[in-house]
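Written below as structure tokens is the structure these notes are about.
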Protein chains: 2
Amino acid sequence: MAQPITQYKWYFEDMVVGQVIPVGSKTVTAEEIHAFAEAFDPQPFHVDPEAAAKSIYGGVIASGWHTCSMMMRLMVDNFLKDAASMGSPGVDQIRWIKPVRAGDTITVSTTAVDTRPSGSKPDRGVVETEWRAVNQDGELVATVKGMGMFLRRPNA
Amino acid sequence: MAQPITQYKWYFEDMVVGQVIPVGSKTVTAEEIHAFAEAFDPQPFHVDPEAAAKSIYGGVIASGWHTCSMMMRLMVDNFLKDAASMGSPGVDQIRWIKPVRAGDTITVSTTAVDTRPSGSKPDRGVVETEWRAVNQDGELVATVKGMGMFLRRPNA
């Protein structure tokens, strides 16, 4: 009988505390900022250039939820799609440190800050991660501290 | 000279700790779940019904970022648009407690859990809030503990 095929590159056991995993970059357009904000966060400083110019931000900025969602997309495309990921019970901290504006490029990485096998489910473990997004000027624009559930490597 | 017109219903001073502010309901469709996930979180249990059926979720569920974004839209439409809101420095905790699936209706409320004037900027204050989303069966599906900055009431 054939051995089971290892389906994923990243299992729970492959998450090493402190290892920085780059997950790529994304340049955001004015159209994308507007479309997300119209759908989910139509505050004046996200959708109205004139009102935004008069706000404390001095111009339109991306919704913080949009920034997180763009970080998530990079996480999926360049990490989670190759991981035995089972989803997430939650996020422990988001910080929107600098505005993200049209034309900005965010470069994102994830680092495991803690790993622990599940106490109740022997097939999985929980990984605490910190995502960091840096802009084209090297400025940290957002951080997300979250949790992910990952399957343990079969026969590990 | 005319008195300045009060522009907003909700200023910093109007946020009362413990007061529950309902911000309405949203029914999510399969198309919306798919569109958000394709754009921002294309994990199999969000975009692929067959793979989702075999996952621990037993079917397609909304991205947690989509759930938060839908909560944000209700917050804007039914609270923040009438508030002297200056945006947010971050979120302190998100919990995705139950899956949100196509056809589910989430009903959202926000409660101030702490308020404090800014130490450095006398025109504003910070409000710690907890958002709660409950589904059509009365089950708590998500909570978000966050921070909002609000202008103080002029001449308050």
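So you can find residues: chains in the structure tokens are A, B, ... in the order shown, residues in each start at 1, and ligands are numbered from 1 in order.
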Which residues of chain A come within 6 Å of chain B, and for each one, what is the closest pair of atoms and their distance in Å to one decimal, counting only C-alpha atoms, sorted by chain and residue number, as a Markdown table?
```
| residue | atom | partner | partner_atom | distance |
| --- | --- | --- | --- | --- |
| A:Phe40 | CA | B:Arg73 | CA | 4.6 |
| A:Asp41 | CA | B:Arg73 | CA | 5.3 |
| A:Ser69 | CA | B:Phe40 | CA | 5.5 |
| A:Arg73 | CA | B:Phe40 | CA | 4.6 |
| A:Pro89 | CA | B:Trp96 | CA | 5.4 |
| A:Gly90 | CA | B:Arg95 | CA | 4.4 |
| A:Val91 | CA | B:Ile94 | CA | 4.9 |
| A:Asp92 | CA | B:Gln93 | CA | 4.4 |
| A:Gln93 | CA | B:Asp92 | CA | 4.4 |
| A:Ile94 | CA | B:Val91 | CA | 4.9 |
| A:Arg95 | CA | B:Gly90 | CA | 4.4 |
| A:Trp96 | CA | B:Pro89 | CA | 5.4 |
```
Convert the current residue selection to file output with N, CA and C atoms, as a short mmCIF file (atom, residue, chain, number, x, y, z; two decimals), in the first residue's frame.
```cif
data_model
loop_
_atom_site.label_atom_id
_atom_site.label_comp_id
_atom_site.auth_asym_id
_atom_site.auth_seq_id
_atom_site.Cartn_x
_atom_site.Cartn_y
_atom_site.Cartn_z
N PHE A 40 -17.31 48.56 2.69
CA PHE A 40 -17.20 48.14 4.09
C PHE A 40 -16.88 49.24 5.10
N ASP A 41 -16.40 50.37 4.65
CA ASP A 41 -15.93 51.37 5.61
C ASP A 41 -16.01 52.77 4.99
N SER A 69 -6.87 43.01 5.25
CA SER A 69 -7.32 42.06 4.23
C SER A 69 -6.26 41.87 3.15
N ARG A 73 -4.37 38.38 2.16
CA ARG A 73 -4.22 37.82 0.82
C ARG A 73 -2.77 37.38 0.56
N PRO A 89 -8.87 31.04 15.43
CA PRO A 89 -9.88 31.44 16.41
C PRO A 89 -9.91 32.94 16.67
N GLY A 90 -8.86 33.66 16.24
CA GLY A 90 -8.93 35.09 16.49
C GLY A 90 -7.60 35.81 16.34
N VAL A 91 -7.65 37.08 16.64
CA VAL A 91 -6.51 37.99 16.54
C VAL A 91 -6.39 38.68 17.89
N ASP A 92 -5.16 38.86 18.36
CA ASP A 92 -4.99 39.46 19.67
C ASP A 92 -4.62 40.92 19.64
N GLN A 93 -4.13 41.41 18.54
CA GLN A 93 -3.80 42.84 18.49
C GLN A 93 -3.59 43.26 17.04
N ILE A 94 -4.22 44.35 16.67
CA ILE A 94 -3.94 44.99 15.39
C ILE A 94 -3.50 46.41 15.71
N ARG A 95 -2.44 46.87 15.08
CA ARG A 95 -2.06 48.27 15.21
C ARG A 95 -1.92 48.86 13.81
N TRP A 96 -2.69 49.93 13.57
CA TRP A 96 -2.57 50.68 12.33
C TRP A 96 -1.65 51.86 12.62
#
```
ask   = What residues in stretch 61-156 of chain A get the DSSP label strand (DSSP E)? Please answer as a VMD selection string.
value = chain A and resid 90 to 96 105 to 117 124 to 134 140 to 151
Those same residues - C-alpha atoms - I'd like them written as a PDB file, in the first residue's frame.
```
ATOM      1  CA  GLY A  90      -8.925  35.094  16.490  1.00  0.00           C
ATOM      2  CA  VAL A  91      -6.514  37.990  16.540  1.00  0.00           C
ATOM      3  CA  ASP A  92      -4.986  39.461  19.674  1.00  0.00           C
ATOM      4  CA  GLN A  93      -3.804  42.837  18.488  1.00  0.00           C
ATOM      5  CA  ILE A  94      -3.936  44.991  15.391  1.00  0.00           C
ATOM      6  CA  ARG A  95      -2.056  48.268  15.208  1.00  0.00           C
ATOM      7  CA  TRP A  96      -2.565  50.680  12.331  1.00  0.00           C
ATOM      8  CA  THR A 105       3.526  49.204  -1.606  1.00  0.00           C
ATOM      9  CA  ILE A 106       3.297  47.095   1.521  1.00  0.00           C
ATOM     10  CA  THR A 107       5.736  44.250   2.084  1.00  0.00           C
ATOM     11  CA  VAL A 108       4.539  41.688   4.589  1.00  0.00           C
ATOM     12  CA  SER A 109       6.173  39.030   6.738  1.00  0.00           C
ATOM     13  CA  THR A 110       4.977  36.639   9.413  1.00  0.00           C
ATOM     14  CA  THR A 111       6.884  35.338  12.423  1.00  0.00           C
ATOM     15  CA  ALA A 112       5.863  32.620  14.856  1.00  0.00           C
ATOM     16  CA  VAL A 113       6.142  33.969  18.386  1.00  0.00           C
ATOM     17  CA  ASP A 114       4.838  30.868  20.177  1.00  0.00           C
ATOM     18  CA  THR A 115       3.726  27.358  19.279  1.00  0.00           C
ATOM     19  CA  ARG A 116       1.820  24.863  21.380  1.00  0.00           C
ATOM     20  CA  PRO A 117       0.129  21.539  20.647  1.00  0.00           C
ATOM     21  CA  ARG A 124      -3.369  20.001  15.655  1.00  0.00           C
ATOM     22  CA  GLY A 125      -1.449  22.840  17.248  1.00  0.00           C
ATOM     23  CA  VAL A 126      -1.862  26.557  17.757  1.00  0.00           C
ATOM     24  CA  VAL A 127       0.734  29.012  16.472  1.00  0.00           C
ATOM     25  CA  GLU A 128       0.855  32.598  17.671  1.00  0.00           C
ATOM     26  CA  THR A 129       2.116  34.797  14.887  1.00  0.00           C
ATOM     27  CA  GLU A 130       3.002  38.413  14.286  1.00  0.00           C
ATOM     28  CA  TRP A 131       2.461  39.865  10.834  1.00  0.00           C
ATOM     29  CA  ARG A 132       4.299  43.034   9.927  1.00  0.00           C
ATOM     30  CA  ALA A 133       3.619  45.329   6.966  1.00  0.00           C
ATOM     31  CA  VAL A 134       6.316  47.805   5.916  1.00  0.00           C
ATOM     32  CA  LEU A 140       6.191  49.932   9.676  1.00  0.00           C
ATOM     33  CA  VAL A 141       2.547  50.603   8.780  1.00  0.00           C
ATOM     34  CA  ALA A 142       0.647  47.775  10.483  1.00  0.00           C
ATOM     35  CA  THR A 143       1.086  44.785  12.767  1.00  0.00           C
ATOM     36  CA  VAL A 144      -1.301  41.916  13.460  1.00  0.00           C
ATOM     37  CA  LYS A 145      -0.772  39.468  16.319  1.00  0.00           C
ATOM     38  CA  GLY A 146      -2.915  36.464  15.688  1.00  0.00           C
ATOM     39  CA  MET A 147      -3.401  32.769  16.132  1.00  0.00           C
ATOM     40  CA  GLY A 148      -3.497  30.006  13.575  1.00  0.00           C
ATOM     41  CA  MET A 149      -4.436  26.354  13.889  1.00  0.00           C
ATOM     42  CA  PHE A 150      -2.301  23.892  11.920  1.00  0.00           C
ATOM     43  CA  LEU A 151      -2.447  20.139  11.524  1.00  0.00           C
TER      44      LEU A 151
END
```
task = DSSP on the backbone, then: every residue of chain A marked alpha helix (DSSP H), written as a PyMOL selection string.
result = chain A and resi 30-40+44-47+49-54+64-78
Write to file, as a PDB file, in the first residue's frame, the residues of the selection just made, with C-alpha atoms.
```
ATOM      1  CA  ALA A  30      -6.839  54.488  -5.440  1.00  0.00           C
ATOM      2  CA  GLU A  31      -9.579  52.402  -7.082  1.00  0.00           C
ATOM      3  CA  GLU A  32      -8.986  49.488  -4.703  1.00  0.00           C
ATOM      4  CA  ILE A  33      -9.004  51.774  -1.655  1.00  0.00           C
ATOM      5  CA  HIS A  34     -12.259  53.351  -2.831  1.00  0.00           C
ATOM      6  CA  ALA A  35     -13.968  50.047  -3.687  1.00  0.00           C
ATOM      7  CA  PHE A  36     -13.167  48.442  -0.331  1.00  0.00           C
ATOM      8  CA  ALA A  37     -14.202  51.536   1.607  1.00  0.00           C
ATOM      9  CA  GLU A  38     -17.457  51.957  -0.338  1.00  0.00           C
ATOM     10  CA  ALA A  39     -18.328  48.354   0.484  1.00  0.00           C
ATOM     11  CA  PHE A  40     -17.202  48.141   4.090  1.00  0.00           C
ATOM     12  CA  PRO A  44     -15.174  60.382   4.736  1.00  0.00           C
ATOM     13  CA  PHE A  45     -11.405  59.973   5.101  1.00  0.00           C
ATOM     14  CA  HIS A  46     -11.609  56.712   3.111  1.00  0.00           C
ATOM     15  CA  VAL A  47     -14.082  57.657   0.342  1.00  0.00           C
ATOM     16  CA  PRO A  49     -10.978  63.126  -1.214  1.00  0.00           C
ATOM     17  CA  GLU A  50     -12.170  66.616  -0.279  1.00  0.00           C
ATOM     18  CA  ALA A  51     -13.225  65.668   3.243  1.00  0.00           C
ATOM     19  CA  ALA A  52     -10.101  63.535   3.634  1.00  0.00           C
ATOM     20  CA  ALA A  53      -7.884  66.498   2.724  1.00  0.00           C
ATOM     21  CA  LYS A  54      -9.367  68.411   5.650  1.00  0.00           C
ATOM     22  CA  GLY A  64      -7.509  49.567   8.308  1.00  0.00           C
ATOM     23  CA  TRP A  65      -9.677  46.534   7.544  1.00  0.00           C
ATOM     24  CA  HIS A  66      -8.546  46.804   3.933  1.00  0.00           C
ATOM     25  CA  THR A  67      -4.903  46.852   5.027  1.00  0.00           C
ATOM     26  CA  CYS A  68      -5.487  43.714   7.120  1.00  0.00           C
ATOM     27  CA  SER A  69      -7.321  42.057   4.234  1.00  0.00           C
ATOM     28  CA  MET A  70      -4.444  42.809   1.851  1.00  0.00           C
ATOM     29  CA  MET A  71      -2.033  41.327   4.402  1.00  0.00           C
ATOM     30  CA  MET A  72      -4.270  38.251   4.602  1.00  0.00           C
ATOM     31  CA  ARG A  73      -4.221  37.820   0.818  1.00  0.00           C
ATOM     32  CA  LEU A  74      -0.413  37.826   0.811  1.00  0.00           C
ATOM     33  CA  MET A  75      -0.448  35.367   3.717  1.00  0.00           C
ATOM     34  CA  VAL A  76      -2.707  32.998   1.785  1.00  0.00           C
ATOM     35  CA  ASP A  77      -0.917  33.267  -1.569  1.00  0.00           C
ATOM     36  CA  ASN A  78       2.594  32.910  -0.245  1.00  0.00           C
TER      37      ASN A  78
END
```
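Neighbouring residues of B:Arg152 at 6 Å or closer, counting only C-alpha atoms and skipping chain neighbours under 3 positions away, are B:Tyr11, B:Phe12, B:Asp123, B:Arg124.
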Keeping only N, CA and C atoms, take the residues you just selected and write them out as a CSV table (one decimal), in the first residue's frame.
```csv
chain,number,residue,atom,x,y,z
B,11,TYR,N,-20.2,62.8,20.2
B,11,TYR,CA,-18.8,63.3,20.5
B,11,TYR,C,-18.3,62.4,21.6
B,12,PHE,N,-17.0,62.6,21.9
B,12,PHE,CA,-16.4,61.8,23.0
B,12,PHE,C,-17.2,61.8,24.3
B,123,ASP,N,-8.2,68.1,22.1
B,123,ASP,CA,-9.4,68.1,21.3
B,123,ASP,C,-10.1,66.8,21.2
B,124,ARG,N,-9.5,65.7,21.7
B,124,ARG,CA,-10.0,64.4,21.4
B,124,ARG,C,-9.9,63.5,22.6
```
For B:Gly24, the nearest of the candidates B:Asn135, B:Pro99, B:Pro122, B:Gln7, counting only C-alpha atoms =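 Closest to B:Gly24 of all the choices is B:Asn135.
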key: Nearest candidate to A:Trp10 (options A:Asp48, A:Asp137, A:Asp82, A:Asp104; using only C-alpha atoms)   =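 Ranking A:Asp48, A:Asp137, A:Asp82, A:Asp104 by distance to A:Trp10, first place goes to A:Asp82.
Here atom CA of A:Ala84 is placed at a distance of 18.2 Å from atom CA of A:Val20.
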task = Quote the spacing between atom CA of B:Phe79 and atom CA of B:Val16 in Å to one decimal place.
result =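 Taking atom CA of B:Phe79 as the start and atom CA of B:Val16 as the end point, the length is 14.0 Å.
Atom pair atom CA of B:Gln19 / atom CA of B:Arg153 has a distance of 18.6 Å (rounded to one decimal).
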